[in-house]
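Asker: Structure: query-v7.cif, mmCIF, C-alpha atoms.
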data_run
loop_
_atom_site.label_atom_id
_atom_site.label_comp_id
_atom_site.auth_asym_id
_atom_site.auth_seq_id
_atom_site.Cartn_x
_atom_site.Cartn_y
_atom_site.Cartn_z
CA MET L 1 36.54 1.85 16.16
CA LYS L 2 32.99 0.99 15.19
CA GLY L 3 29.47 2.22 15.65
CA PHE L 4 26.32 3.29 13.85
CA LEU L 5 24.27 6.40 13.22
CA GLU L 6 20.86 4.93 14.04
CA ALA L 7 18.29 7.71 13.99
CA ILE L 8 18.21 11.07 12.24
CA ALA L 9 15.23 13.29 12.97
CA PRO L 10 14.61 17.06 13.22
CA ASP L 11 14.63 16.87 17.03
CA GLN L 12 17.28 14.23 17.69
CA ILE L 13 20.22 12.33 16.24
CA ARG L 14 21.40 9.23 18.04
CA GLY L 15 23.55 6.11 17.70
CA TRP L 16 26.59 4.51 19.32
CA ALA L 17 30.36 4.46 18.95
CA TYR L 18 32.98 2.16 20.50
CA ASP L 19 36.69 1.39 20.31
CA PRO L 20 37.25 -2.29 21.22
CA ASN L 21 40.96 -1.62 21.72
CA ARG L 22 40.09 0.95 24.40
CA PRO L 23 36.85 -0.46 25.89
CA ASP L 24 36.85 1.95 28.83
CA ASP L 25 37.20 5.06 26.67
CA HIS L 26 34.21 7.09 25.52
CA LEU L 27 34.48 8.48 22.02
CA THR L 28 33.69 12.05 21.04
CA VAL L 29 31.04 12.21 18.32
CA SER L 30 30.59 15.24 16.07
CA ILE L 31 27.56 15.68 13.83
CA PHE L 32 27.94 17.50 10.51
CA ALA L 33 25.69 18.66 7.70
CA GLY L 34 28.14 19.44 4.93
CA ASP L 35 30.70 21.83 6.42
CA GLN L 36 28.41 22.88 9.26
CA VAL L 37 28.92 21.35 12.70
CA LEU L 38 25.49 20.63 14.19
CA GLY L 39 26.74 19.42 17.55
CA THR L 40 29.29 17.42 19.49
CA THR L 41 28.72 14.97 22.34
CA LEU L 42 30.31 12.10 24.23
CA ALA L 43 29.25 8.50 23.51
CA ASN L 44 28.83 7.52 27.15
CA GLY L 45 25.11 6.72 27.45
CA HIS L 46 24.24 3.31 28.83
CA ARG L 47 22.01 1.04 26.71
CA HIS L 48 20.88 -2.45 27.61
CA ASP L 49 21.01 -3.62 23.99
CA LEU L 50 24.67 -2.61 23.72
CA GLN L 51 25.47 -4.37 26.98
CA SER L 52 23.67 -7.52 25.81
CA ALA L 53 25.62 -7.41 22.55
CA GLY L 54 28.95 -7.20 24.39
CA ILE L 55 29.70 -3.59 23.38
CA GLY L 56 31.93 -2.78 26.36
CA HIS L 57 29.83 -2.27 29.46
CA GLY L 58 26.97 -0.94 27.33
CA ASP L 59 27.82 2.72 28.05
CA HIS L 60 28.67 3.83 24.52
CA GLY L 61 25.45 5.32 23.23
CA PHE L 62 24.95 8.95 22.26
CA ALA L 63 22.06 11.28 21.49
CA ILE L 64 21.95 14.97 20.61
CA GLU L 65 18.74 16.95 21.02
CA PHE L 66 18.04 19.92 18.74
CA SER L 67 16.06 23.03 19.58
CA PRO L 68 15.20 24.70 17.31
CA LEU L 69 14.61 21.70 15.12
CA LEU L 70 16.84 20.84 12.22
CA ALA L 71 15.58 21.75 8.78
CA LEU L 72 14.39 18.83 6.69
CA ASP L 73 16.88 19.60 3.93
CA GLN L 74 19.72 19.18 6.45
CA LEU L 75 18.78 15.63 7.38
CA GLY L 76 19.88 14.06 4.13
CA ALA L 77 23.39 15.53 4.51
CA VAL L 78 23.96 14.47 8.12
CA GLU L 79 27.22 12.66 8.91
CA ALA L 80 28.78 11.60 12.19
CA ILE L 81 32.50 11.34 13.02
CA ALA L 82 33.67 9.45 16.14
CA LYS L 83 37.11 10.38 17.49
CA SER L 84 39.51 9.08 20.13
CA ASP L 85 43.22 9.15 20.81
CA GLY L 86 43.48 6.20 18.44
CA GLY L 87 42.03 8.06 15.45
CA GLN L 88 38.61 8.67 13.99
CA VAL L 89 35.93 6.88 11.99
CA LYS L 90 32.85 7.93 10.04
CA LEU L 91 29.77 6.20 11.42
CA ILE L 92 27.59 4.56 8.82
CA ARG L 93 23.83 4.84 8.88
CA ALA L 94 22.15 1.75 10.23
CA ALA L 95 18.80 0.40 9.14
CA PRO L 96 16.31 0.70 12.02
CA PRO L 97 15.93 -2.54 13.94
CA PRO L 98 12.74 -4.43 13.08
CA GLU L 99 11.06 -3.71 16.42
CA VAL L 100 11.46 0.02 15.80
CA MET L 101 9.78 -0.30 12.40
CA LEU L 102 6.94 -2.30 13.89
CA ASN L 103 5.80 0.80 15.76
CA ALA L 104 6.97 3.48 13.36
CA ALA L 105 3.70 3.82 11.46
CA SER L 106 1.29 3.63 14.36
CA ASN L 107 0.96 4.68 17.97
CA PRO L 108 2.64 2.08 20.21
CA LEU L 109 0.35 3.11 23.06
CA ILE L 110 -2.57 1.57 21.18
CA PRO L 111 -2.69 -2.23 21.56
CA VAL L 112 -2.86 -4.69 18.69
CA VAL L 113 -5.31 -6.81 20.74
CA ASP L 114 -8.04 -5.11 22.78
CA ASP L 115 -9.59 -7.10 25.62
CA GLN L 116 -11.30 -4.02 27.03
CA GLN L 117 -14.09 -3.99 24.44
CA PHE L 118 -17.04 -6.36 24.16
CA PRO L 119 -18.43 -6.21 20.62
CA VAL L 120 -21.26 -8.33 19.25
CA PHE L 121 -21.11 -9.17 15.55
CA ILE L 122 -24.46 -9.91 13.91
CA LEU L 123 -23.82 -12.07 10.86
CA GLY L 124 -25.92 -13.87 8.29
CA PRO L 125 -27.31 -13.56 4.78
CA ALA L 126 -29.51 -10.60 3.92
CA ARG L 127 -33.20 -11.05 4.84
CA SER L 128 -32.40 -13.41 7.71
CA GLY L 129 -33.42 -11.19 10.65
CA THR L 130 -30.16 -9.30 11.18
CA SER L 131 -31.91 -5.90 11.21
CA ALA L 132 -34.48 -6.99 13.78
CA LEU L 133 -31.78 -8.32 16.09
CA ALA L 134 -29.54 -5.26 15.70
CA LEU L 135 -32.45 -2.95 16.54
CA ALA L 136 -33.41 -5.08 19.53
CA LEU L 137 -29.89 -5.11 20.97
CA LEU L 138 -29.61 -1.34 20.58
CA LYS L 139 -32.87 -0.95 22.49
CA THR L 140 -31.41 -2.76 25.49
CA ARG L 141 -29.24 0.38 25.98
CA ARG L 142 -26.26 -1.81 26.73
CA TYR L 143 -24.82 -1.54 23.25
CA GLU L 144 -23.81 1.30 20.97
CA GLY L 145 -23.73 0.95 17.22
CA PHE L 146 -25.30 1.70 13.87
CA GLY L 147 -28.12 0.08 11.97
CA GLU L 148 -25.62 -1.02 9.33
CA GLY L 149 -21.86 -1.56 9.58
CA HIS L 150 -20.06 -2.42 6.32
CA LEU L 151 -16.74 -0.94 7.50
CA LEU L 152 -14.88 -3.54 9.56
CA PRO L 153 -14.41 -6.07 6.71
CA LEU L 154 -11.99 -3.49 5.34
CA ALA L 155 -9.48 -4.58 7.99
CA LEU L 156 -9.18 -8.01 6.39
CA GLU L 157 -8.98 -6.53 2.90
CA LEU L 158 -6.16 -4.17 3.94
CA LEU L 159 -4.17 -7.01 5.49
CA ARG L 160 -4.67 -9.14 2.39
CA THR L 161 -3.44 -6.28 0.21
CA VAL L 162 -0.33 -5.81 2.36
CA HIS L 163 0.53 -9.50 2.28
CA ALA L 164 -0.10 -9.69 -1.47
CA HIS L 165 2.33 -6.81 -2.02
CA TYR L 166 5.06 -8.46 0.04
CA ASP L 167 4.46 -11.81 -1.64
CA ALA L 168 4.69 -10.19 -5.07
CA ASN L 169 7.91 -8.35 -4.18
CA PRO L 170 10.27 -10.79 -2.45
CA ALA L 171 13.26 -8.91 -1.07
CA ARG L 172 15.19 -11.69 0.61
CA GLU L 173 18.21 -11.17 -1.64
CA LYS L 174 17.93 -7.38 -1.85
CA ASP L 175 19.25 -6.09 1.45
CA GLY L 176 19.41 -2.55 0.12
CA THR L 177 15.69 -2.19 -0.52
CA MET L 178 13.41 -0.24 1.77
CA LEU L 179 10.98 -3.15 1.62
CA ARG L 180 13.65 -5.43 3.08
CA HIS L 181 14.00 -3.20 6.15
CA VAL L 182 10.30 -2.69 6.85
CA PRO L 183 8.81 -6.00 7.99
CA VAL L 184 5.29 -6.88 6.99
CA ARG L 185 4.41 -6.96 10.68
CA ALA L 186 4.79 -3.17 10.78
CA PHE L 187 1.78 -2.82 8.52
CA GLU L 188 -0.13 -5.56 10.29
CA ARG L 189 0.19 -3.64 13.54
CA MET L 190 -0.76 -0.39 11.87
CA VAL L 191 -3.99 -1.88 10.50
CA ARG L 192 -4.90 -3.58 13.76
CA ARG L 193 -4.20 -0.52 15.86
CA GLY L 194 -6.15 1.65 13.45
CA PHE L 195 -9.34 -0.36 13.79
CA ILE L 196 -8.96 -0.75 17.54
CA GLN L 197 -8.57 3.00 17.95
CA LEU L 198 -11.48 3.59 15.56
CA THR L 199 -13.88 1.50 17.64
CA ARG L 200 -12.57 2.90 20.93
CA THR L 201 -13.28 6.40 19.69
CA SER L 202 -16.65 5.51 18.16
CA PHE L 203 -17.90 3.43 21.11
CA PRO L 204 -16.32 4.70 24.33
CA GLY L 205 -18.62 2.52 26.44
CA GLY L 206 -16.83 -0.62 25.21
CA HIS L 207 -20.03 -2.53 24.35
CA TRP L 208 -21.07 -2.19 20.72
CA ILE L 209 -22.65 -4.09 17.85
CA ASP L 210 -21.77 -4.47 14.21
CA LYS L 211 -24.38 -5.70 11.76
CA THR L 212 -22.93 -6.40 8.32
CA PRO L 213 -24.90 -9.14 6.50
CA THR L 214 -22.31 -9.97 3.85
CA VAL L 215 -19.99 -12.84 3.06
CA GLU L 216 -17.01 -10.53 3.52
CA MET L 217 -17.96 -9.90 7.13
CA VAL L 218 -18.34 -13.62 7.82
CA ARG L 219 -14.88 -14.25 6.39
CA ALA L 220 -13.49 -11.44 8.54
CA ALA L 221 -14.93 -12.93 11.76
CA PRO L 222 -11.71 -14.78 12.79
CA LEU L 223 -9.76 -11.53 12.49
CA MET L 224 -12.43 -9.75 14.56
CA ARG L 225 -11.97 -12.42 17.23
CA GLU L 226 -8.20 -11.82 17.20
CA LEU L 227 -8.62 -8.06 17.57
CA TRP L 228 -11.30 -8.33 20.25
CA PRO L 229 -10.95 -11.59 22.24
CA ASN L 230 -14.21 -10.86 24.10
CA ALA L 231 -16.21 -10.59 20.87
CA ARG L 232 -19.42 -12.58 20.47
CA PHE L 233 -20.92 -13.67 17.15
CA ILE L 234 -24.60 -14.20 16.44
CA PHE L 235 -25.33 -15.86 13.12
CA LEU L 236 -28.85 -15.46 11.74
CA LYS L 237 -29.67 -18.34 9.44
CA ARG L 238 -32.69 -18.93 7.22
CA ARG L 239 -33.60 -21.68 4.82
CA VAL L 240 -32.88 -20.79 1.20
CA ILE L 241 -36.52 -21.08 0.08
CA GLU L 242 -37.88 -18.50 2.50
CA ASN L 243 -34.78 -16.38 2.11
CA VAL L 244 -35.09 -16.20 -1.68
CA ILE L 245 -38.82 -15.48 -1.54
CA SER L 246 -38.15 -12.60 0.85
CA ARG L 247 -35.29 -11.29 -1.27
CA MET L 248 -37.32 -11.39 -4.46
CA ARG L 249 -40.08 -9.46 -2.74
CA LYS L 250 -37.67 -6.81 -1.41
CA PHE L 251 -35.26 -6.71 -4.36
CA PRO L 252 -37.26 -7.70 -7.46
CA GLN L 253 -34.69 -6.12 -9.79
CA ASP L 254 -32.12 -8.82 -8.97
CA PRO L 255 -32.22 -12.19 -10.75
CA LEU L 256 -33.18 -15.37 -8.92
CA GLU L 257 -29.70 -16.86 -9.31
CA TYR L 258 -28.07 -13.89 -7.58
CA HIS L 259 -30.29 -14.37 -4.52
CA TYR L 260 -29.58 -18.04 -3.91
CA MET L 261 -25.90 -17.77 -4.86
CA ASP L 262 -25.39 -15.03 -2.28
CA TRP L 263 -27.21 -17.16 0.29
CA CYS L 264 -24.92 -20.08 -0.52
CA CYS L 265 -21.77 -17.97 -0.23
CA VAL L 266 -22.68 -16.51 3.17
CA MET L 267 -23.87 -19.81 4.63
CA GLN L 268 -20.87 -21.78 3.35
CA ALA L 269 -18.46 -19.14 4.65
CA TRP L 270 -20.08 -19.49 8.07
CA ILE L 271 -19.80 -23.28 7.98
CA ASP L 272 -16.10 -22.90 7.14
CA ILE L 273 -15.15 -20.41 9.86
CA ARG L 274 -17.49 -21.57 12.61
CA PRO L 275 -14.95 -23.98 14.18
CA VAL L 276 -12.30 -21.25 14.37
CA LEU L 277 -14.47 -19.08 16.62
CA LYS L 278 -14.31 -21.71 19.38
CA GLY L 279 -17.47 -21.28 21.37
CA SER L 280 -17.87 -17.52 20.95
CA TRP L 281 -20.83 -17.92 18.59
CA ILE L 282 -24.48 -18.82 18.61
CA GLU L 283 -26.95 -19.48 15.78
CA VAL L 284 -30.52 -18.21 15.55
CA ASP L 285 -32.92 -19.48 12.92
CA HIS L 286 -35.20 -16.87 11.37
CA LEU L 287 -38.18 -19.18 11.81
CA ASP L 288 -37.60 -19.23 15.57
CA LEU L 289 -37.13 -15.47 15.57
CA ALA L 290 -40.52 -15.09 13.89
CA ARG L 291 -42.48 -17.70 15.86
CA THR L 292 -40.88 -17.87 19.32
CA PRO L 293 -39.16 -14.52 19.92
CA ALA L 294 -39.36 -14.88 23.72
CA GLU L 295 -37.37 -18.10 23.63
CA VAL L 296 -34.81 -16.57 21.29
CA ALA L 297 -34.49 -13.53 23.57
CA ALA L 298 -33.89 -15.75 26.60
CA LYS L 299 -31.27 -17.75 24.72
CA LEU L 300 -29.44 -14.61 23.57
CA SER L 301 -29.67 -12.93 26.97
CA GLY L 302 -27.91 -15.86 28.57
CA PHE L 303 -25.31 -15.95 25.82
CA LEU L 304 -24.54 -12.23 26.17
CA GLY L 305 -24.91 -11.99 29.92
CA LEU L 306 -27.68 -9.38 29.85
CA SER L 307 -29.32 -8.11 33.02
CA ASP L 308 -33.00 -8.85 33.69
CA VAL L 309 -34.00 -5.37 32.54
CA GLN L 310 -31.92 -5.65 29.37
CA ALA L 311 -33.31 -9.13 28.67
CA GLN L 312 -36.86 -7.82 28.97
CA LYS L 313 -36.17 -4.99 26.54
CA LEU L 314 -34.65 -7.46 24.11
CA ALA L 315 -37.67 -9.75 24.34
CA SER L 316 -40.12 -6.88 23.85
CA SER L 317 -38.30 -5.58 20.79
CA LEU L 318 -38.02 -9.00 19.15
CA ALA L 319 -41.73 -9.60 19.73
CA ASP L 320 -43.04 -6.20 18.61
CA ASP L 321 -40.58 -4.71 16.10
CA ARG L 322 -40.42 -6.06 12.57
CA PRO L 323 -38.20 -3.55 10.73
CA GLU L 324 -37.74 -5.71 7.63
CA GLN L 325 -41.14 -7.40 7.44
CA THR L 326 -42.41 -7.18 3.88
CA SER L 327 -45.54 -9.37 3.97
CA ASP L 328 -48.29 -10.62 6.25
CA ASP L 329 -47.11 -14.24 6.03
CA PHE L 330 -44.12 -13.51 8.27
CA GLY L 331 -42.91 -16.83 9.65
CA LYS L 332 -44.68 -18.93 7.01
CA VAL L 333 -42.95 -22.09 5.83
CA HIS L 334 -42.88 -22.62 2.06
CA SER L 335 -42.00 -25.53 -0.18
CA ILE L 336 -39.69 -25.58 -3.18
CA GLU L 337 -42.72 -25.38 -5.48
CA ASP L 338 -43.46 -21.88 -4.21
CA LEU L 339 -40.38 -20.60 -6.04
CA GLY L 340 -41.95 -21.48 -9.40
CA LEU L 341 -38.73 -22.78 -10.89
CA THR L 342 -38.52 -24.22 -14.37
CA GLY L 343 -36.83 -27.58 -14.87
CA GLU L 344 -33.50 -26.02 -15.83
CA GLU L 345 -33.67 -23.44 -13.03
CA ARG L 346 -34.49 -26.16 -10.54
CA GLU L 347 -31.47 -28.20 -11.61
CA ARG L 348 -29.08 -25.26 -11.18
CA PHE L 349 -30.73 -24.35 -7.89
CA PHE L 350 -30.27 -27.84 -6.42
CA LYS L 351 -26.70 -28.11 -7.67
CA GLN L 352 -25.67 -24.97 -5.82
CA CYS L 353 -27.84 -25.23 -2.71
CA ASN L 354 -27.83 -28.94 -1.86
CA PRO L 355 -24.43 -29.01 -0.07
CA VAL L 356 -25.31 -26.09 2.20
CA MET L 357 -28.88 -27.26 2.79
CA SER L 358 -27.56 -30.65 3.87
CA ALA L 359 -24.83 -29.19 6.09
CA MET L 360 -27.35 -26.95 7.88
CA GLY L 361 -29.93 -29.74 8.26
CA TYR L 362 -32.61 -28.17 6.07
CA ASP L 363 -35.26 -29.92 3.95
CA TYR L 364 -36.94 -28.63 0.78
CA SER L 365 -40.46 -29.50 1.90
CA ILE L 366 -42.78 -27.79 4.36
CA ARG L 367 -41.11 -29.89 7.07
CA TYR L 368 -38.38 -27.19 6.95
CA LEU L 369 -35.82 -29.31 8.83
CA ALA L 370 -34.62 -32.67 7.56
CA GLY L 371 -35.96 -35.65 9.49
CA THR L 372 -38.79 -33.76 11.21
#
In structure tokens, how does this file's structure come out?

Answerer:
Amino acid sequence: MKGFLEAIAPDQIRGWAYDPNRPDDHLTVSIFAGDQVLGTTLANGHRHDLQSAGIGHGDHGFAIEFSPLLALDQLGAVEAIAKSDGGQVKLIRAAPPPEVMLNAASNPLIPVVDDQQFPVFILGPARSGTSALALALLKTRRYEGFGEGHLLPLALELLRTVHAHYDANPAREKDGTMLRHVPVRAFERMVRRGFIQLTRTSFPGGHWIDKTPTVEMVRAAPLMRELWPNARFIFLKRRVIENVISRMRKFPQDPLEYHYMDWCCVMQAWIDIRPVLKGSWIEVDHLDLARTPAEVAAKLSGFLGLSDVQAQKLASSLADDRPEQTSDDFGKVHSIEDLGLTGEERERFFKQCNPVMSAMGYDYSIRYLAGT
């Protein structure tokens, strides 16, 4: 005789039992907690997995429901004895099959990929126009959202932490460990479902924006595309000269090097992940946002599929609202000399910024773009 005690919970105990020498017999299974008999049943329930595995005709499963519920201190002492005319056997506890563990820590009714939501992610370095665009999209009344996000990159950080833990604790040769019986995919699904449910609850309309102008959010964009296949990404770019001048005006307490290094990190991260997003993205240059907002609005309206009324509201907001404007020379093009760099500062600046400037087609002069 053989079988397993597969699940032990306050409301139910279940498993299967089978005698291959008597394949048509159904064994009697008794459940004990110490000397106390908790229940007795017949292992005659049909299960497709047993049938597929060649366990008789598949009709050797059992389950006992408990009402009132079993006390938690009883669960650790539970044992099951299967009996037939040929004798009896104590059923051993089986590790839950991987597919059970995949759903154990999260609601299986929540998907791990949500194609019913249509988020728009506004990306880019700080001081590149992300606030103006977020405000404008909210004013179309199509989208829900907040002025600032800074939450969703946590999804990528959680997944990285989970994978780092599993990588640091290999359990391939340790079949008795709990880690060995809980696949990493269980936690992946838990994280994914958690963020999908979070956004479903926060934005029941299904159309929402997230504006997080950080390098972490750019790096998380491929994961966002996996979670929400209908996601769209708008990257606000700005040449480093104007970006640094604006940053120094808004955040004078931070050193010059911090400003251009952050710009480099965000822009390079975007260059790296841009191909992965496969046509779900669009770029908007801050200079165009400042000088030709109507053209930018038309471009974005087509990209997002806005109605005529929504497109008009977007255009009006981009033209009239300047939430982050800090000077009267909004839209002015500067040259590298306007940064007032010393010789040593200039050398460090070029060393860090040249690769990104070249990749994005920018020039250091008042021409703004290379070759124009």

Asker: The PyMOL selection byres ((chain L and resi 256-259) around 10) - which residues does that actually catch in the file I just gave you? List them as a ChimeraX atom specification.

Answerer: /L:125-126,240,243-248,251-255,260-264,339,341,345,348-349,352

Asker: Using the chain letters and numbers from the file, give me the residues hit by the PyMOL selection byres ((chain L and resi 119) around 8), as a CSV table (one decimal) with C-alpha atoms, keeping the file's coordinate frame.

Answerer:
chain,number,residue,atom,x,y,z
L,117,GLN,CA,-14.1,-4.0,24.4
L,118,PHE,CA,-17.0,-6.4,24.2
L,120,VAL,CA,-21.3,-8.3,19.2
L,121,PHE,CA,-21.1,-9.2,15.6
L,206,GLY,CA,-16.8,-0.6,25.2
L,207,HIS,CA,-20.0,-2.5,24.4
L,208,TRP,CA,-21.1,-2.2,20.7
L,209,ILE,CA,-22.6,-4.1,17.8
L,210,ASP,CA,-21.8,-4.5,14.2
L,228,TRP,CA,-11.3,-8.3,20.2
L,230,ASN,CA,-14.2,-10.9,24.1
L,231,ALA,CA,-16.2,-10.6,20.9
L,232,ARG,CA,-19.4,-12.6,20.5

Asker: Which neighbours of region 224-226 of chain L fall inside 12 Å, counting all atoms listed in the file, when residues of the same chain fewer than 4 positions from it are skipped, and could you give them as a PDB file with C-alpha atoms, keeping the file's coordinate frame?

Answerer:
ATOM      1  CA  PRO L 111      -2.690  -2.230  21.560  1.00  0.00           C
ATOM      2  CA  VAL L 112      -2.860  -4.690  18.690  1.00  0.00           C
ATOM      3  CA  VAL L 113      -5.310  -6.810  20.740  1.00  0.00           C
ATOM      4  CA  ASP L 114      -8.040  -5.110  22.780  1.00  0.00           C
ATOM      5  CA  ASP L 115      -9.590  -7.100  25.620  1.00  0.00           C
ATOM      6  CA  GLN L 117     -14.090  -3.990  24.440  1.00  0.00           C
ATOM      7  CA  PHE L 118     -17.040  -6.360  24.160  1.00  0.00           C
ATOM      8  CA  PRO L 119     -18.430  -6.210  20.620  1.00  0.00           C
ATOM      9  CA  VAL L 120     -21.260  -8.330  19.250  1.00  0.00           C
ATOM     10  CA  PHE L 121     -21.110  -9.170  15.550  1.00  0.00           C
ATOM     11  CA  LEU L 152     -14.880  -3.540   9.560  1.00  0.00           C
ATOM     12  CA  PRO L 153     -14.410  -6.070   6.710  1.00  0.00           C
ATOM     13  CA  LEU L 154     -11.990  -3.490   5.340  1.00  0.00           C
ATOM     14  CA  ALA L 155      -9.480  -4.580   7.990  1.00  0.00           C
ATOM     15  CA  LEU L 156      -9.180  -8.010   6.390  1.00  0.00           C
ATOM     16  CA  ARG L 192      -4.900  -3.580  13.760  1.00  0.00           C
ATOM     17  CA  PHE L 195      -9.340  -0.360  13.790  1.00  0.00           C
ATOM     18  CA  ILE L 196      -8.960  -0.750  17.540  1.00  0.00           C
ATOM     19  CA  THR L 199     -13.880   1.500  17.640  1.00  0.00           C
ATOM     20  CA  ASP L 210     -21.770  -4.470  14.210  1.00  0.00           C
ATOM     21  CA  GLU L 216     -17.010 -10.530   3.520  1.00  0.00           C
ATOM     22  CA  MET L 217     -17.960  -9.900   7.130  1.00  0.00           C
ATOM     23  CA  VAL L 218     -18.340 -13.620   7.820  1.00  0.00           C
ATOM     24  CA  ARG L 219     -14.880 -14.250   6.390  1.00  0.00           C
ATOM     25  CA  ALA L 220     -13.490 -11.440   8.540  1.00  0.00           C
ATOM     26  CA  ASN L 230     -14.210 -10.860  24.100  1.00  0.00           C
ATOM     27  CA  ALA L 231     -16.210 -10.590  20.870  1.00  0.00           C
ATOM     28  CA  ARG L 232     -19.420 -12.580  20.470  1.00  0.00           C
ATOM     29  CA  PHE L 233     -20.920 -13.670  17.150  1.00  0.00           C
ATOM     30  CA  ILE L 273     -15.150 -20.410   9.860  1.00  0.00           C
ATOM     31  CA  ARG L 274     -17.490 -21.570  12.610  1.00  0.00           C
ATOM     32  CA  VAL L 276     -12.300 -21.250  14.370  1.00  0.00           C
ATOM     33  CA  LEU L 277     -14.470 -19.080  16.620  1.00  0.00           C
ATOM     34  CA  LYS L 278     -14.310 -21.710  19.380  1.00  0.00           C
ATOM     35  CA  GLY L 279     -17.470 -21.280  21.370  1.00  0.00           C
ATOM     36  CA  SER L 280     -17.870 -17.520  20.950  1.00  0.00           C
ATOM     37  CA  TRP L 281     -20.830 -17.920  18.590  1.00  0.00           C
TER      38      TRP L 281
END

Asker: Looking at L:Leu27, L:Ile366, L:Ile92, L:Ala7, which one is nearest to Glu79 (chain L), with distances taken over only C-alpha atoms?

Answerer: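 Between L:Leu27, L:Ile366, L:Ile92, L:Ala7, the residue approaching Glu79 (chain L) most closely is L:Ile92.
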
Asker: So how many Å separate CA of Ser67 (chain L) and CA of Gly45 (chain L), to one decimal?

Answerer: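 CA of Ser67 (chain L) sits 20.2 Å away from CA of Gly45 (chain L).
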
Asker: In Å, with one decimal, what is the gap from CA of Ile31 (chain L) to CA of Ile13 (chain L)?

Answerer: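 Pair CA of Ile31 (chain L) / CA of Ile13 (chain L) returns 8.4 Å.
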
Asker: Restrict the calculation to all atoms listed in the file, then for each residue of region 200-287 of chain L with any atom at most 6 Å from an atom of region 128-140 of chain L give the closest atom pair and their distance in Å to one decimal, rows by chain and rising residue number, as a tab-separated table.

Answerer:
residue	atom	partner	partner_atom	distance
L:Leu236	CA	L:Ser128	CA	5.7
L:Lys237	CA	L:Ser128	CA	5.9
L:Arg238	CA	L:Ser128	CA	5.5
L:His286	CA	L:Ser128	CA	5.8

Asker: Would you compute the distance between CA of Asp338 (chain L) and CA of Pro293 (chain L)? Give it in Å to one decimal.

Answerer: 25.6 Å

Asker: Run the PyMOL selection byres ((chain L and resi 80) around 12) mentally over the shown coordinates, then write out the matched residues as a PDB file with C-alpha atoms, keeping the file's coordinate frame, using the chain letters and numbers from the document.

Answerer:
ATOM      1  CA  LYS L   2      32.990   0.990  15.190  1.00  0.00           C
ATOM      2  CA  GLY L   3      29.470   2.220  15.650  1.00  0.00           C
ATOM      3  CA  PHE L   4      26.320   3.290  13.850  1.00  0.00           C
ATOM      4  CA  LEU L   5      24.270   6.400  13.220  1.00  0.00           C
ATOM      5  CA  GLU L   6      20.860   4.930  14.040  1.00  0.00           C
ATOM      6  CA  ALA L   7      18.290   7.710  13.990  1.00  0.00           C
ATOM      7  CA  ILE L   8      18.210  11.070  12.240  1.00  0.00           C
ATOM      8  CA  ILE L  13      20.220  12.330  16.240  1.00  0.00           C
ATOM      9  CA  ARG L  14      21.400   9.230  18.040  1.00  0.00           C
ATOM     10  CA  GLY L  15      23.550   6.110  17.700  1.00  0.00           C
ATOM     11  CA  TRP L  16      26.590   4.510  19.320  1.00  0.00           C
ATOM     12  CA  ALA L  17      30.360   4.460  18.950  1.00  0.00           C
ATOM     13  CA  LEU L  27      34.480   8.480  22.020  1.00  0.00           C
ATOM     14  CA  THR L  28      33.690  12.050  21.040  1.00  0.00           C
ATOM     15  CA  VAL L  29      31.040  12.210  18.320  1.00  0.00           C
ATOM     16  CA  SER L  30      30.590  15.240  16.070  1.00  0.00           C
ATOM     17  CA  ILE L  31      27.560  15.680  13.830  1.00  0.00           C
ATOM     18  CA  PHE L  32      27.940  17.500  10.510  1.00  0.00           C
ATOM     19  CA  ALA L  33      25.690  18.660   7.700  1.00  0.00           C
ATOM     20  CA  GLY L  34      28.140  19.440   4.930  1.00  0.00           C
ATOM     21  CA  ASP L  35      30.700  21.830   6.420  1.00  0.00           C
ATOM     22  CA  GLN L  36      28.410  22.880   9.260  1.00  0.00           C
ATOM     23  CA  VAL L  37      28.920  21.350  12.700  1.00  0.00           C
ATOM     24  CA  LEU L  38      25.490  20.630  14.190  1.00  0.00           C
ATOM     25  CA  GLY L  39      26.740  19.420  17.550  1.00  0.00           C
ATOM     26  CA  THR L  40      29.290  17.420  19.490  1.00  0.00           C
ATOM     27  CA  THR L  41      28.720  14.970  22.340  1.00  0.00           C
ATOM     28  CA  ALA L  43      29.250   8.500  23.510  1.00  0.00           C
ATOM     29  CA  PHE L  62      24.950   8.950  22.260  1.00  0.00           C
ATOM     30  CA  ALA L  63      22.060  11.280  21.490  1.00  0.00           C
ATOM     31  CA  ILE L  64      21.950  14.970  20.610  1.00  0.00           C
ATOM     32  CA  LEU L  75      18.780  15.630   7.380  1.00  0.00           C
ATOM     33  CA  ALA L  77      23.390  15.530   4.510  1.00  0.00           C
ATOM     34  CA  VAL L  78      23.960  14.470   8.120  1.00  0.00           C
ATOM     35  CA  GLU L  79      27.220  12.660   8.910  1.00  0.00           C
ATOM     36  CA  ILE L  81      32.500  11.340  13.020  1.00  0.00           C
ATOM     37  CA  ALA L  82      33.670   9.450  16.140  1.00  0.00           C
ATOM     38  CA  LYS L  83      37.110  10.380  17.490  1.00  0.00           C
ATOM     39  CA  GLN L  88      38.610   8.670  13.990  1.00  0.00           C
ATOM     40  CA  VAL L  89      35.930   6.880  11.990  1.00  0.00           C
ATOM     41  CA  LYS L  90      32.850   7.930  10.040  1.00  0.00           C
ATOM     42  CA  LEU L  91      29.770   6.200  11.420  1.00  0.00           C
ATOM     43  CA  ILE L  92      27.590   4.560   8.820  1.00  0.00           C
ATOM     44  CA  ARG L  93      23.830   4.840   8.880  1.00  0.00           C
TER      45      ARG L  93
END

Asker: Hey, which of L:Ile55, L:Leu70, L:Ile110, L:Val296 ends up closest to Thr201 (chain L)? Count only C-alpha atoms.

Answerer: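 Distance minimum relative to Thr201 (chain L) lands on L:Ile110.
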